[in-house]
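S.K.: So here's target_38.txt, just compact mmCIF, C-alpha atoms:
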```txt
# COMPACT_ATOMS: atom_id res chain seq x y z
CA MET A 1464 -16.13 8.55 9.85
CA GLU A 1465 -13.04 9.97 11.51
CA THR A 1466 -9.45 9.58 10.38
CA ILE A 1467 -6.37 8.57 12.38
CA ARG A 1468 -4.24 11.26 14.03
CA THR A 1469 -0.48 11.48 14.56
CA LEU A 1470 0.27 12.77 18.08
CA ARG A 1471 4.10 12.53 18.07
CA ARG A 1472 6.96 11.49 15.76
CA THR A 1473 10.34 10.29 17.05
CA PRO A 1474 13.20 9.39 14.65
CA ILE A 1475 14.70 6.00 15.57
CA ALA A 1476 16.96 5.10 12.63
CA LEU A 1477 18.39 7.11 9.75
CA PRO A 1478 21.00 4.82 8.11
CA GLY A 1479 23.23 6.39 5.45
CA GLU A 1480 21.86 9.85 6.40
CA GLY A 1481 18.42 8.68 5.35
CA ARG A 1482 19.06 8.77 1.61
CA PHE A 1483 17.10 5.56 1.00
CA LEU A 1484 15.50 4.77 4.37
CA GLY A 1485 14.35 6.36 7.62
CA VAL A 1486 12.43 4.80 10.50
CA GLU A 1487 10.25 6.74 12.95
CA GLN A 1488 8.16 5.79 15.96
CA HIS A 1489 4.78 7.52 16.00
CA ALA A 1490 2.16 7.95 18.71
CA VAL A 1491 -1.11 7.37 16.84
CA GLU A 1492 -4.69 8.04 17.95
CA PHE A 1493 -7.42 5.92 16.33
CA PRO A 1494 -11.06 7.03 15.90
CA SER A 1495 -12.07 4.79 18.84
CA GLY A 1496 -9.82 6.88 21.11
CA VAL A 1497 -7.20 4.11 21.40
CA VAL A 1498 -3.63 5.47 21.36
CA ILE A 1499 -0.67 3.35 20.24
CA ASP A 1500 2.61 5.01 21.13
CA ASP A 1501 5.05 2.66 19.37
CA TRP A 1502 3.65 2.65 15.84
CA MET A 1503 6.47 2.06 13.34
CA TRP A 1504 6.71 4.33 10.29
CA VAL A 1505 9.06 3.87 7.33
CA ILE A 1506 10.24 6.69 5.06
CA THR A 1507 11.59 5.86 1.58
CA PRO A 1508 11.77 8.02 -1.57
CA GLU A 1509 8.78 8.38 -3.88
CA PHE A 1510 9.16 6.57 -7.18
CA VAL A 1511 7.63 6.12 -10.62
CA ASN A 1512 6.89 3.09 -12.76
CA ILE A 1513 6.00 3.19 -16.43
CA LEU A 1514 4.40 0.68 -18.80
CA PRO A 1515 5.70 1.73 -22.26
CA ARG A 1516 3.55 0.85 -25.29
CA MET A 1517 5.55 1.07 -28.51
CA GLN A 1518 4.22 2.48 -31.79
CA ASP A 1519 3.61 -1.10 -33.02
CA GLY A 1520 1.35 -1.78 -30.01
CA ARG A 1521 3.78 -4.05 -28.15
CA TYR A 1522 4.91 -3.36 -24.58
CA LEU A 1523 8.54 -2.78 -23.61
CA CYS A 1524 9.52 -4.80 -20.53
CA TYR A 1525 12.73 -6.29 -19.10
CA ARG A 1526 14.03 -9.59 -17.93
CA GLN A 1527 16.28 -8.69 -15.03
CA ALA A 1528 17.75 -9.47 -11.65
CA LYS A 1529 16.30 -7.50 -8.73
CA TYR A 1530 17.59 -7.79 -5.18
CA ALA A 1531 14.27 -8.64 -3.50
CA ALA A 1532 13.14 -10.99 -6.30
CA ASP A 1533 13.67 -14.73 -6.45
CA GLY A 1534 16.10 -15.36 -9.35
CA LEU A 1535 15.21 -13.42 -12.51
CA THR A 1536 11.95 -11.51 -12.88
CA LEU A 1537 10.14 -9.55 -15.56
CA GLY A 1538 10.06 -5.81 -14.90
CA VAL A 1539 9.12 -2.38 -16.22
CA PRO A 1540 11.08 0.91 -16.24
CA GLY A 1541 11.05 3.12 -13.17
CA GLY A 1542 13.06 4.77 -10.43
CA TYR A 1543 13.15 7.23 -7.56
CA LEU A 1544 12.12 10.86 -7.91
CA GLU A 1545 14.99 13.34 -7.67
CA PRO A 1546 14.55 15.95 -4.89
CA GLY A 1547 11.88 18.43 -6.02
CA GLU A 1548 11.13 16.52 -9.23
CA ALA A 1549 7.49 16.10 -10.36
CA PRO A 1550 6.31 12.51 -10.97
CA LEU A 1551 5.68 12.99 -14.72
CA ALA A 1552 9.12 14.56 -15.21
CA ALA A 1553 10.70 11.65 -13.33
CA ALA A 1554 8.80 9.14 -15.50
CA GLN A 1555 9.95 10.86 -18.70
CA ARG A 1556 13.56 11.00 -17.43
CA GLU A 1557 13.59 7.35 -16.32
CA LEU A 1558 12.10 6.12 -19.60
CA LEU A 1559 14.76 7.99 -21.59
CA GLU A 1560 17.68 6.96 -19.31
CA GLU A 1561 16.69 3.30 -18.98
CA THR A 1562 15.38 2.57 -22.47
CA GLY A 1563 16.56 5.44 -24.71
CA CYS A 1564 12.90 6.05 -25.61
CA THR A 1565 10.47 8.96 -25.69
CA ALA A 1566 6.65 8.79 -25.75
CA THR A 1567 3.97 10.88 -27.44
CA GLY A 1568 1.34 10.21 -24.73
CA TRP A 1569 1.54 10.00 -20.94
CA ILE A 1570 -1.51 8.65 -19.11
CA PRO A 1571 -1.34 8.96 -15.28
CA LEU A 1572 -2.63 5.87 -13.46
CA GLY A 1573 -2.61 7.32 -9.94
CA ALA A 1574 -0.38 7.46 -6.87
CA TYR A 1575 -0.45 4.78 -4.18
CA VAL A 1576 1.12 4.48 -0.75
CA VAL A 1577 3.20 1.30 -0.57
CA ASP A 1578 2.25 0.11 2.95
CA GLY A 1579 -1.07 1.18 4.46
CA ASN A 1580 0.32 0.89 8.00
CA ARG A 1581 4.02 1.86 7.72
CA GLY A 1582 4.03 4.25 4.76
CA SER A 1583 7.18 3.05 2.94
CA GLY A 1584 6.94 5.62 0.16
CA ARG A 1585 4.56 6.30 -2.67
CA GLY A 1586 4.53 5.03 -6.26
CA HIS A 1587 3.24 7.05 -9.23
CA PHE A 1588 2.23 4.97 -12.24
CA PHE A 1589 2.04 5.90 -15.93
CA LEU A 1590 1.11 4.31 -19.23
CA ALA A 1591 3.37 5.77 -21.94
CA THR A 1592 2.04 5.51 -25.51
CA GLY A 1593 3.57 6.01 -28.96
CA VAL A 1594 6.94 5.03 -27.52
CA GLU A 1595 9.98 4.93 -29.83
CA TYR A 1596 13.77 4.62 -29.59
CA ARG A 1597 15.63 7.95 -29.71
CA GLN A 1598 19.11 7.55 -28.24
CA PRO A 1599 21.56 5.03 -26.75
CA ILE A 1600 20.83 3.81 -23.23
CA ASN A 1601 22.44 5.52 -20.25
CA ALA A 1602 23.64 2.29 -18.64
CA ASP A 1603 23.63 1.82 -14.86
CA ASP A 1604 26.36 -0.51 -13.56
CA LEU A 1605 24.01 -2.02 -11.00
CA GLU A 1606 21.31 -3.09 -13.39
CA ASP A 1607 21.55 -5.78 -16.02
CA LEU A 1608 18.39 -5.30 -18.07
CA GLU A 1609 17.42 -7.43 -21.07
CA PRO A 1610 14.67 -5.60 -23.01
CA ILE A 1611 11.79 -7.74 -24.30
CA LEU A 1612 8.76 -6.74 -26.36
CA LEU A 1613 5.45 -8.41 -25.48
CA THR A 1614 2.05 -8.34 -27.15
CA ARG A 1615 -0.93 -7.48 -24.96
CA HIS A 1616 -1.84 -11.16 -24.80
CA GLU A 1617 1.71 -12.16 -23.81
CA LEU A 1618 1.95 -9.36 -21.23
CA GLU A 1619 -1.36 -10.24 -19.60
CA ALA A 1620 -0.47 -13.95 -19.51
CA ALA A 1621 2.92 -13.24 -17.87
CA LEU A 1622 1.30 -10.86 -15.38
CA LEU A 1623 -1.34 -13.39 -14.30
CA LYS A 1624 1.34 -16.10 -13.98
CA GLY A 1625 3.15 -13.87 -11.42
CA GLU A 1626 6.23 -13.38 -13.62
CA PHE A 1627 6.46 -9.72 -12.56
CA GLN A 1628 7.50 -10.44 -8.97
CA VAL A 1629 7.57 -6.88 -7.63
CA MET A 1630 4.24 -5.44 -6.42
CA PRO A 1631 4.50 -1.91 -7.86
CA TRP A 1632 5.33 -3.35 -11.30
CA THR A 1633 2.35 -5.69 -11.13
CA ALA A 1634 0.05 -2.88 -9.96
CA CYS A 1635 1.25 -0.50 -12.71
CA ILE A 1636 0.77 -3.05 -15.50
CA ALA A 1637 -2.62 -4.31 -14.25
CA LEU A 1638 -3.95 -0.74 -13.96
CA ALA A 1639 -2.64 0.14 -17.43
CA LEU A 1640 -4.27 -2.92 -19.02
CA LEU A 1641 -7.62 -2.17 -17.35
CA HIS A 1642 -7.37 1.50 -18.37
CA GLU A 1643 -6.71 0.62 -22.02
CA GLN A 1644 -9.83 -1.47 -22.41
CA GLU A 1645 -12.14 1.22 -20.96
CA MET B 657 22.02 -13.50 -16.75
CA GLU B 658 23.29 -13.63 -13.19
CA THR B 659 21.39 -12.75 -10.05
CA ILE B 660 22.43 -10.54 -7.13
CA ARG B 661 24.20 -12.08 -4.12
CA THR B 662 24.00 -11.26 -0.42
CA LEU B 663 27.49 -11.33 1.13
CA ARG B 664 26.65 -10.21 4.70
CA ARG B 665 23.64 -9.23 6.83
CA THR B 666 23.88 -6.94 9.88
CA PRO B 667 20.82 -6.12 12.03
CA ILE B 668 20.62 -2.38 12.65
CA ALA B 669 17.15 -1.80 14.16
CA LEU B 670 14.59 -4.15 15.68
CA PRO B 671 11.99 -1.85 17.31
CA GLY B 672 9.36 -3.53 19.51
CA GLU B 673 11.35 -6.80 19.31
CA GLY B 674 10.74 -6.81 15.55
CA ARG B 675 7.08 -7.76 15.70
CA PHE B 676 6.17 -5.41 12.84
CA LEU B 677 9.52 -4.13 11.56
CA GLY B 678 13.20 -4.98 11.34
CA VAL B 679 15.98 -3.17 9.47
CA GLU B 680 19.19 -4.82 8.27
CA GLN B 681 22.26 -3.57 6.41
CA HIS B 682 23.38 -5.96 3.68
CA ALA B 683 26.59 -6.22 1.68
CA VAL B 684 25.34 -6.95 -1.85
CA GLU B 685 27.27 -8.11 -4.92
CA PHE B 686 25.79 -7.20 -8.32
CA PRO B 687 26.35 -9.21 -11.53
CA SER B 688 28.87 -6.55 -12.72
CA GLY B 689 31.05 -7.33 -9.67
CA VAL B 690 30.16 -4.05 -7.92
CA VAL B 691 29.70 -4.52 -4.16
CA ILE B 692 27.54 -2.16 -2.10
CA ASP B 693 28.11 -2.70 1.60
CA ASP B 694 25.41 -0.44 3.04
CA TRP B 695 22.32 -1.73 1.23
CA MET B 696 19.25 -1.22 3.42
CA TRP B 697 16.82 -4.12 3.88
CA VAL B 698 13.42 -3.96 5.58
CA ILE B 699 11.67 -6.95 7.18
CA THR B 700 7.90 -6.83 7.76
CA PRO B 701 5.37 -9.66 8.11
CA GLU B 702 3.86 -11.32 5.06
CA PHE B 703 0.22 -10.46 4.46
CA VAL B 704 -2.85 -11.36 2.43
CA ASN B 705 -5.45 -9.29 0.61
CA ILE B 706 -8.73 -10.61 -0.71
CA LEU B 707 -11.24 -9.31 -3.23
CA PRO B 708 -14.55 -10.94 -2.17
CA ARG B 709 -17.21 -11.47 -4.88
CA MET B 710 -20.62 -12.08 -3.35
CA GLN B 711 -23.15 -14.61 -4.65
CA ASP B 712 -25.02 -11.76 -6.41
CA GLY B 713 -21.85 -10.82 -8.33
CA ARG B 714 -21.10 -7.62 -6.39
CA TYR B 715 -17.76 -7.03 -4.65
CA LEU B 716 -17.45 -6.43 -0.90
CA CYS B 717 -15.19 -3.48 -0.11
CA TYR B 718 -14.82 -0.96 2.71
CA ARG B 719 -14.74 2.74 3.18
CA GLN B 720 -12.23 3.23 5.96
CA ALA B 721 -9.50 5.23 7.60
CA LYS B 722 -5.95 3.88 7.17
CA TYR B 723 -2.91 5.42 8.78
CA ALA B 724 -0.84 5.92 5.63
CA ALA B 725 -3.81 7.07 3.52
CA ASP B 726 -4.94 10.64 2.97
CA GLY B 727 -8.34 10.99 4.70
CA LEU B 728 -10.72 8.11 3.97
CA THR B 729 -9.96 5.46 1.37
CA LEU B 730 -11.69 2.48 -0.19
CA GLY B 731 -10.18 -0.85 0.86
CA VAL B 732 -10.45 -4.63 0.75
CA PRO B 733 -10.10 -7.25 3.51
CA GLY B 734 -6.65 -8.46 4.50
CA GLY B 735 -4.07 -8.78 7.24
CA TYR B 736 -0.78 -10.26 8.40
CA LEU B 737 -0.07 -13.99 8.38
CA GLU B 738 0.16 -15.57 11.83
CA PRO B 739 3.49 -17.32 12.50
CA GLY B 740 3.54 -20.56 10.49
CA GLU B 741 0.20 -19.86 8.82
CA ALA B 742 -0.26 -20.63 5.11
CA PRO B 743 -1.43 -17.72 2.90
CA LEU B 744 -4.75 -19.36 1.94
CA ALA B 745 -5.57 -20.16 5.58
CA ALA B 746 -4.76 -16.55 6.52
CA ALA B 747 -7.01 -15.26 3.73
CA GLN B 748 -9.91 -17.48 4.88
CA ARG B 749 -9.40 -16.41 8.51
CA GLU B 750 -9.18 -12.70 7.68
CA LEU B 751 -12.30 -12.81 5.49
CA LEU B 752 -14.28 -14.48 8.27
CA GLU B 753 -12.96 -12.21 11.05
CA GLU B 754 -13.29 -8.93 9.16
CA THR B 755 -16.50 -9.52 7.23
CA GLY B 756 -18.22 -12.54 8.85
CA CYS B 757 -18.19 -14.21 5.41
CA THR B 758 -17.09 -17.51 3.90
CA ALA B 759 -16.43 -18.25 0.22
CA THR B 760 -16.99 -21.31 -1.98
CA GLY B 761 -14.04 -20.52 -4.31
CA TRP B 762 -10.53 -19.23 -3.66
CA ILE B 763 -8.48 -18.19 -6.69
CA PRO B 764 -4.82 -17.38 -5.93
CA LEU B 765 -3.53 -14.30 -7.77
CA GLY B 766 0.15 -14.65 -6.89
CA ALA B 767 2.66 -13.43 -4.30
CA TYR B 768 4.61 -10.21 -4.76
CA VAL B 769 7.48 -8.59 -2.88
CA VAL B 770 6.48 -5.11 -1.76
CA ASP B 771 9.75 -3.26 -2.53
CA GLY B 772 12.12 -4.60 -5.19
CA ASN B 773 15.14 -3.04 -3.47
CA ARG B 774 14.35 -3.14 0.28
CA GLY B 775 12.08 -6.19 0.57
CA SER B 776 9.44 -4.84 2.98
CA GLY B 777 7.45 -8.06 3.09
CA ARG B 778 5.37 -10.02 0.64
CA GLY B 779 1.68 -9.85 -0.22
CA HIS B 780 -0.42 -12.85 -1.28
CA PHE B 781 -3.57 -11.99 -3.24
CA PHE B 782 -6.82 -13.92 -3.65
CA LEU B 783 -10.14 -13.57 -5.42
CA ALA B 784 -12.84 -15.16 -3.24
CA THR B 785 -16.02 -16.22 -5.04
CA GLY B 786 -19.51 -17.26 -3.93
CA VAL B 787 -19.04 -15.18 -0.78
CA GLU B 788 -21.88 -15.02 1.77
CA TYR B 789 -22.47 -13.79 5.30
CA ARG B 790 -22.20 -16.48 8.00
CA GLN B 791 -21.59 -14.89 11.38
CA PRO B 792 -21.25 -11.57 13.21
CA ILE B 793 -18.04 -9.63 12.65
CA ASN B 794 -15.12 -10.03 15.05
CA ALA B 795 -14.59 -6.28 15.51
CA ASP B 796 -11.11 -4.81 15.88
CA ASP B 797 -10.99 -1.63 18.00
CA LEU B 798 -8.39 -0.09 15.72
CA GLU B 799 -10.35 -0.34 12.51
CA ASP B 800 -13.54 1.48 11.66
CA LEU B 801 -14.74 -0.26 8.50
CA GLU B 802 -17.90 0.65 6.58
CA PRO B 803 -18.77 -2.22 4.21
CA ILE B 804 -19.91 -1.27 0.71
CA LEU B 805 -21.02 -3.47 -2.17
CA LEU B 806 -19.91 -2.44 -5.66
CA THR B 807 -20.81 -3.76 -9.11
CA ARG B 808 -17.92 -4.64 -11.41
CA HIS B 809 -18.44 -1.38 -13.27
CA GLU B 810 -18.43 0.65 -10.03
CA LEU B 811 -15.38 -1.19 -8.68
CA GLU B 812 -13.36 -0.68 -11.86
CA ALA B 813 -14.32 3.02 -12.03
CA ALA B 814 -13.29 3.59 -8.37
CA LEU B 815 -10.04 1.69 -8.93
CA LEU B 816 -9.06 3.73 -11.98
CA LYS B 817 -9.93 6.97 -10.16
CA GLY B 818 -7.34 6.03 -7.49
CA GLU B 819 -9.93 5.67 -4.70
CA PHE B 820 -8.13 2.60 -3.32
CA GLN B 821 -5.09 4.51 -2.06
CA VAL B 822 -3.00 1.57 -0.81
CA MET B 823 -0.86 -0.21 -3.41
CA PRO B 824 -1.46 -3.85 -2.38
CA TRP B 825 -5.23 -3.26 -2.45
CA THR B 826 -5.00 -1.72 -5.91
CA ALA B 827 -2.79 -4.55 -7.16
CA CYS B 828 -5.09 -7.25 -5.74
CA ILE B 829 -8.24 -5.76 -7.28
CA ALA B 830 -6.66 -5.03 -10.68
CA LEU B 831 -5.28 -8.58 -10.92
CA ALA B 832 -8.64 -10.06 -9.90
CA LEU B 833 -10.53 -8.04 -12.51
CA LEU B 834 -8.09 -9.05 -15.26
CA HIS B 835 -8.27 -12.69 -14.13
CA GLU B 836 -12.07 -12.73 -14.25
CA GLN B 837 -12.29 -11.63 -17.86
CA GLU B 838 -9.81 -14.25 -19.10
```
The structure given in the file should be rewritten as structure tokens.
M.R.:
Amino acid sequence: METIRTLRRTPIALPGEGRFLGVEQHAVEFPSGVVIDDWMWVITPEFVNILPRMQDGRYLCYRQAKYAADGLTLGVPGGYLEPGEAPLAAAQRELLEETGCTATGWIPLGAYVVDGNRGSGRGHFFLATGVEYRQPINADDLEDLEPILLTRHELEAALLKGEFQVMPWTACIALALLHEQE
Amino acid sequence: METIRTLRRTPIALPGEGRFLGVEQHAVEFPSGVVIDDWMWVITPEFVNILPRMQDGRYLCYRQAKYAADGLTLGVPGGYLEPGEAPLAAAQRELLEETGCTATGWIPLGAYVVDGNRGSGRGHFFLATGVEYRQPINADDLEDLEPILLTRHELEAALLKGEFQVMPWTACIALALLHEQE
């Protein structure tokens, strides 16, 4: 089976110098020979999400506002990679900055492209284990995060009720819960 | 806890008349009072993904090329909603068109926004049960899909190895597997 080839890339929008978003038009050749010359492609930064499991076995989540969510949502820690930063280093940095915690174990859960057609960045997921508080939180003015600790049963129930409204968060948690019961 | 308010929306790119992609710049007010007036927002169509469980208990997946994936990837059926179409109707239509199958049970697994900051559309996930072949496949020139049937054990192993490279597919399958063991 053949893959899909990129014949040309043309930048069409780079708002804010492309820090958070770039849009390109690609000419794309499919295995059948069909060429589409106005295929839209979206560039956003890579990011990490982490499900932190505390030393007592509970999971550290948030109740929070998020721009694309409807009202308040449950969430997990995460953020964009810094330029040149490895995903694990970003996950460790984000966990410490957002929660003041460190972890004794870091289990990678894979990397996934956000949109199979448009790209839209890549998310790297981790389960952090043996998590404990180490230092005060490095607060971010934009985010108003209320930490909550959930048992596995509570986390799984909230997940399956759709209370984590953002897809990467849901994917990260669901993968972590499946991984744990292997 | 307060939510985040949209103060203004300005269209900045609408390539191809916005059929697959639109970009807006929003002025956004955070609960702290901070206003960001160049917040990027991405509009793409809503979509469905389906994990089909056949009458013999195996799951119907694909091996396929996908533009944003690296080489070949495993995948599940899915596609964009037609204008005005309900998510369940879209899921039933896509399953029939892509696989030639119908299902006796449709279990909704929630709706999730793709990007918590930029929007980038919404995915609706379903587990379809009692799935069986009914009619020849309505082939799409662009997609070269090789159907494969996996046991639960094989599906979960492939999922946790990252063989489903596209985030919505991974999220749909992981949620379905957690739902089934409830």
S.K.: Nearest to chain B: which of A:Glu1465, A:Glu1509, A:Glu1643, A:Asp1519 is it, counting only C-alpha atoms?
M.R.: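 Counting only C-alpha atoms, the residue closest to chain B is A:Glu1465.
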S.K.: Take atom CA of Ala683 of chain B and atom CA of Tyr1530 of chain A and report the distance between them in Å, one decimal.
M.R.: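 Atom CA of Ala683 of chain B sits 11.4 Å away from atom CA of Tyr1530 of chain A.
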S.K.: Any chance you could lay chain A over chain B, fitting all C-alpha atoms in order by least squares, and write the moved chain as a compact mmCIF listing (two decimals) with C-alpha atoms, in the frame of the given file?
M.R.:
```
# COMPACT_ATOMS: atom_id res chain seq x y z
CA MET A 1464 21.99 -13.48 -16.75
CA GLU A 1465 23.28 -13.63 -13.19
CA THR A 1466 21.39 -12.74 -10.03
CA ILE A 1467 22.44 -10.53 -7.12
CA ARG A 1468 24.20 -12.09 -4.12
CA THR A 1469 24.00 -11.27 -0.41
CA LEU A 1470 27.49 -11.33 1.13
CA ARG A 1471 26.65 -10.21 4.71
CA ARG A 1472 23.64 -9.22 6.83
CA THR A 1473 23.90 -6.96 9.89
CA PRO A 1474 20.83 -6.12 12.03
CA ILE A 1475 20.62 -2.35 12.65
CA ALA A 1476 17.16 -1.80 14.15
CA LEU A 1477 14.59 -4.14 15.68
CA PRO A 1478 11.98 -1.85 17.31
CA GLY A 1479 9.36 -3.53 19.51
CA GLU A 1480 11.34 -6.81 19.29
CA GLY A 1481 10.77 -6.81 15.56
CA ARG A 1482 7.10 -7.78 15.69
CA PHE A 1483 6.17 -5.42 12.85
CA LEU A 1484 9.52 -4.12 11.56
CA GLY A 1485 13.21 -4.97 11.35
CA VAL A 1486 15.98 -3.16 9.47
CA GLU A 1487 19.20 -4.80 8.27
CA GLN A 1488 22.26 -3.57 6.42
CA HIS A 1489 23.38 -5.96 3.69
CA ALA A 1490 26.59 -6.22 1.68
CA VAL A 1491 25.34 -6.96 -1.85
CA GLU A 1492 27.27 -8.11 -4.92
CA PHE A 1493 25.79 -7.21 -8.32
CA PRO A 1494 26.37 -9.21 -11.53
CA SER A 1495 28.86 -6.55 -12.72
CA GLY A 1496 31.05 -7.34 -9.69
CA VAL A 1497 30.15 -4.07 -7.93
CA VAL A 1498 29.71 -4.52 -4.16
CA ILE A 1499 27.55 -2.16 -2.08
CA ASP A 1500 28.12 -2.70 1.62
CA ASP A 1501 25.41 -0.43 3.05
CA TRP A 1502 22.33 -1.72 1.24
CA MET A 1503 19.25 -1.21 3.42
CA TRP A 1504 16.82 -4.11 3.87
CA VAL A 1505 13.42 -3.96 5.58
CA ILE A 1506 11.68 -6.94 7.18
CA THR A 1507 7.90 -6.82 7.77
CA PRO A 1508 5.37 -9.66 8.12
CA GLU A 1509 3.86 -11.33 5.06
CA PHE A 1510 0.22 -10.47 4.48
CA VAL A 1511 -2.84 -11.36 2.44
CA ASN A 1512 -5.43 -9.30 0.61
CA ILE A 1513 -8.72 -10.61 -0.71
CA LEU A 1514 -11.24 -9.30 -3.24
CA PRO A 1515 -14.55 -10.94 -2.18
CA ARG A 1516 -17.20 -11.46 -4.88
CA MET A 1517 -20.62 -12.09 -3.34
CA GLN A 1518 -23.14 -14.62 -4.66
CA ASP A 1519 -25.02 -11.76 -6.40
CA GLY A 1520 -21.86 -10.82 -8.33
CA ARG A 1521 -21.11 -7.62 -6.40
CA TYR A 1522 -17.78 -7.02 -4.65
CA LEU A 1523 -17.45 -6.44 -0.91
CA CYS A 1524 -15.19 -3.48 -0.12
CA TYR A 1525 -14.82 -0.95 2.71
CA ARG A 1526 -14.74 2.75 3.19
CA GLN A 1527 -12.23 3.24 5.97
CA ALA A 1528 -9.49 5.25 7.60
CA LYS A 1529 -5.96 3.88 7.16
CA TYR A 1530 -2.91 5.43 8.79
CA ALA A 1531 -0.84 5.92 5.62
CA ALA A 1532 -3.82 7.07 3.52
CA ASP A 1533 -4.94 10.64 2.96
CA GLY A 1534 -8.33 10.99 4.71
CA LEU A 1535 -10.71 8.10 3.98
CA THR A 1536 -9.96 5.46 1.36
CA LEU A 1537 -11.69 2.47 -0.18
CA GLY A 1538 -10.18 -0.86 0.87
CA VAL A 1539 -10.45 -4.64 0.75
CA PRO A 1540 -10.10 -7.25 3.52
CA GLY A 1541 -6.66 -8.47 4.52
CA GLY A 1542 -4.07 -8.78 7.25
CA TYR A 1543 -0.79 -10.26 8.41
CA LEU A 1544 -0.07 -13.98 8.39
CA GLU A 1545 0.15 -15.56 11.84
CA PRO A 1546 3.49 -17.33 12.51
CA GLY A 1547 3.53 -20.57 10.51
CA GLU A 1548 0.19 -19.86 8.84
CA ALA A 1549 -0.25 -20.62 5.10
CA PRO A 1550 -1.43 -17.72 2.90
CA LEU A 1551 -4.76 -19.35 1.94
CA ALA A 1552 -5.55 -20.15 5.58
CA ALA A 1553 -4.76 -16.55 6.53
CA ALA A 1554 -7.02 -15.25 3.73
CA GLN A 1555 -9.90 -17.47 4.87
CA ARG A 1556 -9.39 -16.41 8.52
CA GLU A 1557 -9.19 -12.70 7.68
CA LEU A 1558 -12.29 -12.80 5.48
CA LEU A 1559 -14.29 -14.48 8.27
CA GLU A 1560 -12.95 -12.21 11.06
CA GLU A 1561 -13.28 -8.94 9.15
CA THR A 1562 -16.51 -9.53 7.23
CA GLY A 1563 -18.21 -12.55 8.85
CA CYS A 1564 -18.19 -14.22 5.42
CA THR A 1565 -17.10 -17.52 3.90
CA ALA A 1566 -16.42 -18.26 0.21
CA THR A 1567 -17.00 -21.30 -1.98
CA GLY A 1568 -14.05 -20.54 -4.31
CA TRP A 1569 -10.53 -19.25 -3.67
CA ILE A 1570 -8.49 -18.19 -6.70
CA PRO A 1571 -4.81 -17.38 -5.94
CA LEU A 1572 -3.53 -14.30 -7.78
CA GLY A 1573 0.15 -14.67 -6.88
CA ALA A 1574 2.65 -13.43 -4.31
CA TYR A 1575 4.60 -10.21 -4.76
CA VAL A 1576 7.48 -8.61 -2.89
CA VAL A 1577 6.49 -5.11 -1.77
CA ASP A 1578 9.76 -3.25 -2.53
CA GLY A 1579 12.11 -4.60 -5.19
CA ASN A 1580 15.13 -3.03 -3.47
CA ARG A 1581 14.35 -3.15 0.28
CA GLY A 1582 12.08 -6.19 0.56
CA SER A 1583 9.44 -4.85 2.98
CA GLY A 1584 7.44 -8.07 3.09
CA ARG A 1585 5.38 -10.04 0.63
CA GLY A 1586 1.68 -9.86 -0.23
CA HIS A 1587 -0.42 -12.86 -1.30
CA PHE A 1588 -3.56 -11.99 -3.24
CA PHE A 1589 -6.82 -13.92 -3.66
CA LEU A 1590 -10.14 -13.57 -5.42
CA ALA A 1591 -12.84 -15.16 -3.23
CA THR A 1592 -16.02 -16.21 -5.05
CA GLY A 1593 -19.50 -17.28 -3.92
CA VAL A 1594 -19.04 -15.18 -0.79
CA GLU A 1595 -21.87 -15.02 1.76
CA TYR A 1596 -22.48 -13.78 5.31
CA ARG A 1597 -22.20 -16.49 7.99
CA GLN A 1598 -21.60 -14.90 11.39
CA PRO A 1599 -21.26 -11.57 13.22
CA ILE A 1600 -18.04 -9.63 12.66
CA ASN A 1601 -15.14 -10.02 15.07
CA ALA A 1602 -14.60 -6.28 15.53
CA ASP A 1603 -11.11 -4.80 15.90
CA ASP A 1604 -10.96 -1.63 18.02
CA LEU A 1605 -8.40 -0.06 15.71
CA GLU A 1606 -10.38 -0.36 12.53
CA ASP A 1607 -13.56 1.48 11.66
CA LEU A 1608 -14.76 -0.27 8.51
CA GLU A 1609 -17.91 0.66 6.59
CA PRO A 1610 -18.78 -2.22 4.22
CA ILE A 1611 -19.92 -1.26 0.72
CA LEU A 1612 -21.03 -3.46 -2.17
CA LEU A 1613 -19.92 -2.43 -5.66
CA THR A 1614 -20.80 -3.75 -9.10
CA ARG A 1615 -17.92 -4.64 -11.40
CA HIS A 1616 -18.44 -1.38 -13.27
CA GLU A 1617 -18.44 0.66 -10.03
CA LEU A 1618 -15.39 -1.18 -8.68
CA GLU A 1619 -13.37 -0.68 -11.86
CA ALA A 1620 -14.33 3.01 -12.03
CA ALA A 1621 -13.29 3.59 -8.39
CA LEU A 1622 -10.04 1.68 -8.93
CA LEU A 1623 -9.06 3.73 -12.00
CA LYS A 1624 -9.93 6.96 -10.16
CA GLY A 1625 -7.34 6.02 -7.47
CA GLU A 1626 -9.94 5.67 -4.70
CA PHE A 1627 -8.13 2.60 -3.33
CA GLN A 1628 -5.09 4.51 -2.06
CA VAL A 1629 -3.01 1.58 -0.82
CA MET A 1630 -0.85 -0.21 -3.43
CA PRO A 1631 -1.45 -3.84 -2.40
CA TRP A 1632 -5.23 -3.25 -2.47
CA THR A 1633 -5.01 -1.72 -5.93
CA ALA A 1634 -2.78 -4.55 -7.18
CA CYS A 1635 -5.08 -7.25 -5.75
CA ILE A 1636 -8.23 -5.76 -7.29
CA ALA A 1637 -6.65 -5.02 -10.69
CA LEU A 1638 -5.28 -8.58 -10.93
CA ALA A 1639 -8.64 -10.06 -9.91
CA LEU A 1640 -10.53 -8.02 -12.52
CA LEU A 1641 -8.09 -9.04 -15.27
CA HIS A 1642 -8.26 -12.69 -14.16
CA GLU A 1643 -12.07 -12.72 -14.26
CA GLN A 1644 -12.30 -11.61 -17.86
CA GLU A 1645 -9.83 -14.25 -19.12
```
S.K.: Using all atoms listed in the file, I'd like every residue of chain A that has an atom within 6 Å of chain B; please write them out as a PyMOL selection string.
M.R.: chain A and resi 1466-1467+1528+1530-1531+1534+1573+1575-1577+1579-1580+1582+1625+1628-1630+1634+1637
